[in-house]
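For reference, query_16.cif (mmCIF, C-alpha atoms and all ligand atoms):
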```cif
data_final
#
loop_
_atom_site.group_PDB
_atom_site.id
_atom_site.type_symbol
_atom_site.label_atom_id
_atom_site.label_comp_id
_atom_site.auth_asym_id
_atom_site.auth_seq_id
_atom_site.Cartn_x
_atom_site.Cartn_y
_atom_site.Cartn_z
ATOM 1 C CA MET A 62 6.585 -5.496 -21.927
ATOM 2 C CA ALA A 63 8.522 -8.801 -21.858
ATOM 3 C CA ASP A 64 7.615 -12.443 -22.256
ATOM 4 C CA LYS A 65 9.095 -13.127 -18.857
ATOM 5 C CA GLY A 66 8.548 -12.058 -15.258
ATOM 6 C CA GLY A 67 11.260 -10.460 -13.199
ATOM 7 C CA VAL A 68 13.167 -8.623 -15.953
ATOM 8 C CA GLY A 69 12.250 -5.275 -14.386
ATOM 9 C CA LYS A 70 9.174 -4.098 -16.309
ATOM 10 C CA THR A 71 7.533 -2.669 -13.204
ATOM 11 C CA THR A 72 10.736 -1.105 -11.866
ATOM 12 C CA VAL A 73 11.409 0.559 -15.218
ATOM 13 C CA ALA A 74 7.774 1.624 -15.777
ATOM 14 C CA PHE A 75 7.485 3.168 -12.297
ATOM 15 C CA HIS A 76 10.781 5.031 -12.565
ATOM 16 C CA VAL A 77 10.218 6.283 -16.114
ATOM 17 C CA ALA A 78 6.788 7.567 -15.020
ATOM 18 C CA THR A 79 8.409 9.267 -12.018
ATOM 19 C CA ARG A 80 10.977 10.908 -14.277
ATOM 20 C CA LEU A 81 8.257 12.101 -16.688
ATOM 21 C CA ARG A 82 6.378 13.597 -13.747
ATOM 22 C CA GLN A 83 9.576 15.322 -12.626
ATOM 23 C CA LEU A 84 9.805 16.765 -16.149
ATOM 24 C CA GLY A 85 6.347 18.228 -15.654
ATOM 25 C CA ARG A 86 4.396 15.765 -17.780
ATOM 26 C CA ASP A 87 0.836 14.738 -17.006
ATOM 27 C CA VAL A 88 1.519 11.014 -16.674
ATOM 28 C CA GLY A 89 -0.710 8.132 -15.623
ATOM 29 C CA LEU A 90 0.207 4.494 -15.166
ATOM 30 C CA TYR A 91 -2.123 1.681 -16.221
ATOM 31 C CA ASP A 92 -1.256 -1.464 -14.314
ATOM 32 C CA LEU A 93 -2.291 -4.406 -16.486
ATOM 33 C CA ASP A 94 -0.806 -6.985 -14.128
ATOM 34 C CA SER A 95 -3.435 -8.506 -11.835
ATOM 35 C CA ARG A 96 -0.830 -8.603 -9.050
ATOM 36 C CA GLY A 97 -1.138 -4.817 -8.939
ATOM 37 C CA THR A 98 2.531 -4.168 -8.173
ATOM 38 C CA SER A 99 3.023 -0.937 -10.054
ATOM 39 C CA SER A 100 -0.313 0.575 -9.048
ATOM 40 C CA SER A 101 0.370 -0.109 -5.370
ATOM 41 C CA TRP A 102 3.950 1.232 -5.695
ATOM 42 C CA ALA A 103 2.679 4.377 -7.412
ATOM 43 C CA GLY A 104 -0.140 4.700 -4.880
ATOM 44 C CA GLU A 105 2.298 4.530 -1.955
ATOM 45 C CA SER A 106 4.582 7.084 -3.556
ATOM 46 C CA GLY A 107 1.814 9.525 -4.466
ATOM 47 C CA TYR A 108 3.939 10.866 -7.348
ATOM 48 C CA PHE A 109 1.407 10.344 -10.134
ATOM 49 C CA PRO A 110 -1.953 8.623 -10.633
ATOM 50 C CA ALA A 111 -1.995 4.902 -11.322
ATOM 51 C CA TYR A 112 -4.897 2.575 -12.028
ATOM 52 C CA ASP A 113 -5.196 -1.122 -11.350
ATOM 53 C CA LEU A 114 -6.805 -3.644 -13.651
ATOM 54 C CA ARG A 115 -10.099 -3.656 -11.796
ATOM 55 C CA SER A 116 -10.567 0.135 -11.954
ATOM 56 C CA LEU A 117 -9.459 0.230 -15.606
ATOM 57 C CA GLN A 118 -12.257 -2.161 -16.487
ATOM 58 C CA SER A 119 -14.807 0.475 -15.583
ATOM 59 C CA HIS A 120 -12.943 3.664 -16.485
ATOM 60 C CA ALA A 121 -9.549 4.520 -17.999
ATOM 61 C CA PRO A 122 -8.775 8.200 -17.222
ATOM 62 C CA ASP A 123 -6.918 10.112 -19.902
ATOM 63 C CA HIS A 124 -3.432 11.596 -19.483
ATOM 64 C CA ASP A 125 -0.948 13.235 -21.845
ATOM 65 C CA VAL A 126 1.330 10.254 -21.347
ATOM 66 C CA VAL A 127 0.002 6.845 -20.364
ATOM 67 C CA ILE A 128 2.424 4.090 -19.412
ATOM 68 C CA TRP A 129 1.053 0.568 -19.497
ATOM 69 C CA ASP A 130 2.832 -1.936 -17.261
ATOM 70 C CA THR A 131 2.047 -5.422 -18.506
ATOM 71 C CA ALA A 132 1.898 -8.840 -16.872
ATOM 72 C CA PRO A 133 4.642 -11.332 -17.854
ATOM 73 C CA HIS A 134 2.538 -12.987 -20.562
ATOM 74 C CA PRO A 135 -0.101 -10.498 -21.633
ATOM 75 C CA ASP A 136 -2.964 -12.293 -23.343
ATOM 76 C CA SER A 137 -3.286 -11.869 -27.076
ATOM 77 C CA GLU A 138 -6.232 -9.502 -26.761
ATOM 78 C CA ILE A 139 -4.261 -7.072 -24.567
ATOM 79 C CA ARG A 140 -1.231 -7.409 -26.810
ATOM 80 C CA SER A 141 -3.111 -6.519 -29.982
ATOM 81 C CA GLU A 142 -4.835 -3.656 -28.217
ATOM 82 C CA LEU A 143 -1.433 -2.283 -27.137
ATOM 83 C CA CYS A 144 -0.024 -2.714 -30.636
ATOM 84 C CA ARG A 145 -2.965 -0.740 -31.956
ATOM 85 C CA ALA A 146 -3.076 1.999 -29.328
ATOM 86 C CA ALA A 147 0.468 2.623 -28.056
ATOM 87 C CA ASP A 148 2.830 5.116 -29.695
ATOM 88 C CA LEU A 149 5.753 3.118 -28.397
ATOM 89 C CA LEU A 150 6.111 -0.410 -27.064
ATOM 90 C CA THR A 151 9.087 -0.921 -24.776
ATOM 91 C CA VAL A 152 10.530 -4.396 -24.466
ATOM 92 C CA VAL A 153 12.593 -4.850 -21.293
ATOM 93 C CA ALA A 154 15.445 -7.351 -21.400
ATOM 94 C CA ASN A 155 18.298 -8.398 -19.133
ATOM 95 C CA GLY A 156 21.874 -8.902 -20.178
ATOM 96 C CA ASP A 157 21.849 -12.645 -20.800
ATOM 97 C CA ARG A 158 21.639 -14.566 -24.062
ATOM 98 C CA ASP A 159 18.200 -16.045 -23.379
ATOM 99 C CA SER A 160 16.716 -12.683 -22.488
ATOM 100 C CA LEU A 161 17.999 -11.254 -25.759
ATOM 101 C CA THR A 162 16.488 -14.173 -27.695
ATOM 102 C CA ALA A 163 13.143 -13.680 -25.921
ATOM 103 C CA ALA A 164 13.260 -9.938 -26.695
ATOM 104 C CA ALA A 165 13.999 -10.648 -30.367
ATOM 105 C CA ASP A 166 11.034 -13.041 -30.602
ATOM 106 C CA LEU A 167 8.745 -10.532 -28.899
ATOM 107 C CA CYS A 168 9.879 -7.655 -31.154
ATOM 108 C CA ARG A 169 9.157 -9.746 -34.239
ATOM 109 C CA ALA A 170 5.710 -10.680 -32.921
ATOM 110 C CA LEU A 171 4.875 -7.063 -32.051
ATOM 111 C CA HIS A 172 5.901 -5.824 -35.486
ATOM 112 C CA ALA A 173 3.825 -8.583 -37.089
ATOM 113 C CA GLU A 174 0.858 -7.397 -35.011
ATOM 114 C CA GLY A 175 1.268 -3.876 -36.359
ATOM 115 C CA ALA A 176 3.147 -2.093 -33.545
ATOM 116 C CA ARG A 177 4.125 1.396 -34.658
ATOM 117 C CA ARG A 178 7.368 1.718 -32.727
ATOM 118 C CA VAL A 179 9.255 -0.712 -30.545
ATOM 119 C CA ALA A 180 12.286 -0.042 -28.345
ATOM 120 C CA VAL A 181 14.361 -2.543 -26.394
ATOM 121 C CA VAL A 182 15.781 -1.379 -23.077
ATOM 122 C CA PHE A 183 18.294 -3.415 -21.126
ATOM 123 C CA ASN A 184 17.811 -3.444 -17.370
ATOM 124 C CA ALA A 185 19.718 -4.730 -14.342
ATOM 125 C CA ILE A 186 23.008 -4.569 -16.201
ATOM 126 C CA TYR A 187 26.114 -5.335 -14.171
ATOM 127 C CA PRO A 188 27.517 -1.880 -13.305
ATOM 128 C CA VAL A 189 31.149 -2.860 -13.760
ATOM 129 C CA GLY A 190 32.562 -3.759 -17.154
ATOM 130 C CA SER A 191 31.022 -3.656 -20.592
ATOM 131 C CA GLU A 192 27.902 -5.832 -20.258
ATOM 132 C CA GLY A 193 25.588 -2.952 -21.205
ATOM 133 C CA SER A 194 27.386 -1.814 -24.349
ATOM 134 C CA ASP A 195 27.989 -5.456 -25.360
ATOM 135 C CA CYS A 196 24.229 -6.118 -25.091
ATOM 136 C CA VAL A 197 23.327 -3.036 -27.121
ATOM 137 C CA GLU A 198 25.821 -4.023 -29.794
ATOM 138 C CA ALA A 199 24.614 -7.653 -29.900
ATOM 139 C CA ALA A 200 20.985 -6.558 -30.052
ATOM 140 C CA ARG A 201 21.621 -4.076 -32.843
ATOM 141 C CA ALA A 202 23.624 -6.689 -34.760
ATOM 142 C CA GLU A 203 20.443 -8.786 -34.704
ATOM 143 C CA GLY A 204 18.454 -5.843 -36.011
ATOM 144 C CA LEU A 205 16.729 -5.080 -32.698
ATOM 145 C CA PRO A 206 15.765 -1.472 -31.906
ATOM 146 C CA ALA A 207 17.910 -1.278 -28.739
ATOM 147 C CA LEU A 208 18.269 2.052 -26.937
ATOM 148 C CA PRO A 209 21.903 3.190 -26.684
ATOM 149 C CA CYS A 210 21.581 3.547 -22.897
ATOM 150 C CA PHE A 211 20.521 1.045 -20.254
ATOM 151 C CA ILE A 212 19.697 0.742 -16.572
ATOM 152 C CA ARG A 213 22.281 -0.842 -14.362
ATOM 153 C CA ARG A 214 21.765 -3.199 -11.465
ATOM 154 C CA TYR A 215 21.671 -1.289 -8.200
ATOM 155 C CA ALA A 216 20.348 -2.526 -4.884
ATOM 156 C CA CYS A 217 18.622 0.833 -4.372
ATOM 157 C CA PHE A 218 15.947 -0.150 -6.916
ATOM 158 C CA GLY A 219 14.888 -2.992 -4.613
ATOM 159 C CA ARG A 220 15.167 -0.803 -1.518
ATOM 160 C CA ALA A 221 13.009 1.860 -3.138
ATOM 161 C CA ARG A 222 10.313 -0.733 -3.818
ATOM 162 C CA TRP A 223 10.274 -1.714 -0.133
ATOM 163 C CA ASP A 224 9.881 1.939 0.797
ATOM 164 C CA GLY A 225 7.258 2.701 -1.862
ATOM 165 C CA ARG A 226 9.495 5.442 -3.263
ATOM 166 C CA ALA A 227 11.671 6.123 -6.303
ATOM 167 C CA VAL A 228 15.453 5.841 -6.005
ATOM 168 C CA VAL A 229 15.764 9.621 -6.390
ATOM 169 C CA ASP A 230 13.690 10.261 -3.279
ATOM 170 C CA ARG A 231 16.044 8.900 -0.626
ATOM 171 C CA ALA A 232 19.780 9.014 -0.015
ATOM 172 C CA TYR A 233 20.285 5.379 -1.027
ATOM 173 C CA PRO A 234 23.810 4.314 -1.953
ATOM 174 C CA ARG A 235 24.269 4.692 -5.740
ATOM 175 C CA ALA A 236 20.901 6.476 -6.071
ATOM 176 C CA ASP A 237 22.541 9.168 -8.223
ATOM 177 C CA GLN A 238 23.845 6.652 -10.730
ATOM 178 C CA ALA A 239 20.547 4.761 -10.742
ATOM 179 C CA TRP A 240 18.580 7.950 -11.329
ATOM 180 C CA SER A 241 20.898 9.148 -14.090
ATOM 181 C CA ASP A 242 20.312 5.813 -15.868
ATOM 182 C CA VAL A 243 16.556 6.343 -15.532
ATOM 183 C CA ALA A 244 16.836 9.908 -16.851
ATOM 184 C CA ALA A 245 18.907 8.820 -19.862
ATOM 185 C CA VAL A 246 16.529 5.972 -20.719
ATOM 186 C CA THR A 247 13.497 8.252 -20.349
ATOM 187 C CA ALA A 248 15.060 10.837 -22.671
ATOM 188 C CA ALA A 249 15.842 8.127 -25.232
ATOM 189 C CA LEU A 250 12.277 6.764 -25.030
ATOM 190 C CA LEU A 251 10.871 10.266 -25.547
ATOM 191 C CA ARG A 252 13.042 10.684 -28.643
ATOM 192 C CA VAL A 253 11.792 7.391 -30.090
ATOM 193 C CA ALA A 254 8.174 8.152 -29.171
ATOM 194 C CA ASP A 255 8.509 11.488 -30.965
ATOM 195 C CA GLY A 256 9.693 9.637 -34.037
ATOM 196 C CA GLY A 257 13.369 10.572 -33.723
ATOM 197 C CA ASP A 258 16.515 8.488 -33.648
ATOM 198 C CA ARG A 259 17.429 6.354 -30.706
HETATM 199 N N1 LIG B 1 17.925 -2.254 -12.301
HETATM 200 C C1 LIG B 1 17.701 -3.046 -11.264
HETATM 201 N N2 LIG B 1 18.646 -3.187 -10.292
HETATM 202 C C2 LIG B 1 18.430 -3.985 -9.222
HETATM 203 N N3 LIG B 1 17.304 -4.710 -9.023
HETATM 204 C C3 LIG B 1 16.328 -4.608 -9.958
HETATM 205 C C4 LIG B 1 16.468 -3.787 -11.113
HETATM 206 N N4 LIG B 1 15.334 -3.907 -11.841
HETATM 207 C C5 LIG B 1 14.534 -4.751 -11.181
HETATM 208 N N5 LIG B 1 15.115 -5.194 -10.054
HETATM 209 C C6 LIG B 1 14.558 -6.147 -9.078
HETATM 210 O O1 LIG B 1 14.159 -7.325 -9.789
HETATM 211 C C7 LIG B 1 12.936 -7.826 -9.268
HETATM 212 C C8 LIG B 1 11.890 -7.908 -10.385
HETATM 213 O O2 LIG B 1 11.615 -6.592 -10.837
HETATM 214 P P1 LIG B 1 10.187 -6.166 -11.403
HETATM 215 O O3 LIG B 1 10.317 -4.752 -11.816
HETATM 216 O O4 LIG B 1 9.122 -6.512 -10.428
HETATM 217 O O5 LIG B 1 10.083 -7.120 -12.673
HETATM 218 P P2 LIG B 1 8.820 -7.484 -13.596
HETATM 219 O O6 LIG B 1 7.839 -6.374 -13.482
HETATM 220 O O7 LIG B 1 9.391 -7.619 -14.975
HETATM 221 O O8 LIG B 1 8.296 -8.799 -13.099
HETATM 222 C C9 LIG B 1 12.536 -6.901 -8.142
HETATM 223 O O9 LIG B 1 12.979 -7.469 -6.934
HETATM 224 C C10 LIG B 1 13.298 -5.612 -8.435
HETATM 225 O O10 LIG B 1 13.598 -4.878 -7.255
HETATM 226 MG MG MG B 2 5.798 -6.399 -13.011
#
```
Can I see the file as structure tokens?
Ligand SMILES: Nc1ncnc2c1ncn2[C@@H]1O[C@H](COP(=O)(O)OP(=O)(O)O)[C@@H](O)[C@H]1O
Ligand SMILES: [Mg+2]
Amino acid sequence: MADKGGVGKTTVAFHVATRLRQLGRDVGLYDLDSRGTSSSWAGESGYFPAYDLRSLQSHAPDHDVVIWDTAPHPDSEIRSELCRAADLLTVVANGDRDSLTAAADLCRALHAEGARRVAVVFNAIYPVGSEGSDCVEAARAEGLPALPCFIRRYACFGRARWDGRAVVDRAYPRADQAWSDVAAVTAALLRVADGGDR
């Protein structure tokens, strides 16, 4: 979730679902964005079942883990439903000041709406230097539930989208680093979802 388009919600949701599938989980992806990006990406890949908004309106199949990928500004009805139903709400942010402010506002709103657990994950972090750890530190200083790990900016994420695959599935440059970021973030999300520490 994020109050903004283009922060990487779909990229993160698709890759976390792929990682969960690799770990043997029964995972399904609910695509709540009418553009249908994550359901078409998942459909092309064939890694796990995904459902677009239209099909979800008639039937929402059950899975052990369901990942909801939201539209940039989910309407208030969807937001309260997610706050009620989801074990964990993940707010995706980028490494700039305004993204952090937007994430802080969204976290406050979600808590006010009764969200059980919220985690902030930074995405598209510049791979060189300390942007990622600086963001985590700044977020935590503001009291935000930031994961200790983050996903860096690698061109292979965009390439994988073109190919309808996950970064792990092709020998893209830097795919190993990209996938190890995804694996670390997935493990951290599982810990939070299970009620443990970040
Ligand atoms: N970690 C990343 N590294 C490089 N490019 C990324 C990364 N995350 C997202 N992108 C790119 O940013 C754009 C927006 O990503 P997307 O996941 O569609 O965002 P959202 O779902 O929040 O609108 C896409 O072109 C995607 O390939
Ligand atoms: Mg999206």
>> Could you tell me how far CA of Gln238 (chain A) sits from CA of Arg158 (chain A), in Å to one decimal place?
In response: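 Atom-to-atom, CA of Arg158 (chain A) and CA of Gln238 (chain A) are spaced 25.2 Å apart.
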> With only C-alpha atoms as the basis for distance, which of A:Arg169, A:His120, A:Arg82, A:Lys65 is at the shortest distance from Pro133 (chain A)?
Replying inline: A:Lys65
> Exactly which residues make up the result of the PyMOL selection byres (((not hetatm)) within 12 of (chain B and resi 2)) on this file, given as a ChimeraX atom specification?
Replying inline: /A:62-75,91-102,129-135,153,222
> For this file, the PyMOL selection byres (((chain A and resi 147-152) around 6) and not hetatm) selects which residues, as a list in words?
Replying inline: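 Listing what the PyMOL selection byres (((chain A and resi 147-152) around 6) and not hetatm) selects in the shown file: Met62, Ala63, Leu143, Cys144, Ala146, Val153, Arg178, Val179, Ala180, Val181 and Ala254 of chain A.
Between CA of Ala176 (chain A) and CA of Asp125 (chain A) the separation is 19.7 Å.
Going from CA of Pro206 (chain A) to CA of Ser160 (chain A) covers 14.7 Å.
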Please, which residues in region 77-174 of chain A fall within 7 Å of region 183-201 of chain A when counting all atoms listed in the file, and what is the closest atom pair and distance in Å to one decimal for each, ordered by chain then residue number, as a Markdown table?
```
| residue | atom | partner | partner_atom | distance |
| --- | --- | --- | --- | --- |
| A:Val153 | CA | A:Phe183 | CA | 5.9 |
| A:Ala154 | CA | A:Phe183 | CA | 4.9 |
| A:Asn155 | CA | A:Asn184 | CA | 5.3 |
| A:Gly156 | CA | A:Ile186 | CA | 6.0 |
```
Create the file for the chosen residues now, containing C-alpha atoms and written as a PDB file, in the coordinates of the input.
```
ATOM      1  CA  VAL A 153      12.593  -4.850 -21.293  1.00  0.00           C
ATOM      2  CA  ALA A 154      15.445  -7.351 -21.400  1.00  0.00           C
ATOM      3  CA  ASN A 155      18.298  -8.398 -19.133  1.00  0.00           C
ATOM      4  CA  GLY A 156      21.874  -8.902 -20.178  1.00  0.00           C
TER       5      GLY A 156
END
```
>> Restricting the calculation to only C-alpha atoms and all ligand atoms: of A:Cys217, A:Ala207, A:Ala78, A:Ala244, which residue gets closest to ligand LIG 1 (chain B)?
In response: A:Cys217
> When distances are computed from all atoms listed in the file, which of A:Asp255, A:Glu174, A:Asp224, A:Asp230 shows the smallest separation from ligand LIG 1 (chain B)?
Replying inline: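 Distance minimum relative to ligand LIG 1 (chain B) lands on A:Asp224.
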> Using only C-alpha atoms and all ligand atoms, which residue out of A:Pro209, A:Gly89, A:Gly219, A:Gly107 lies closest to ligand LIG 1 (chain B)?
Replying inline: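 Smallest distance to ligand LIG 1 (chain B) is found for A:Gly219.
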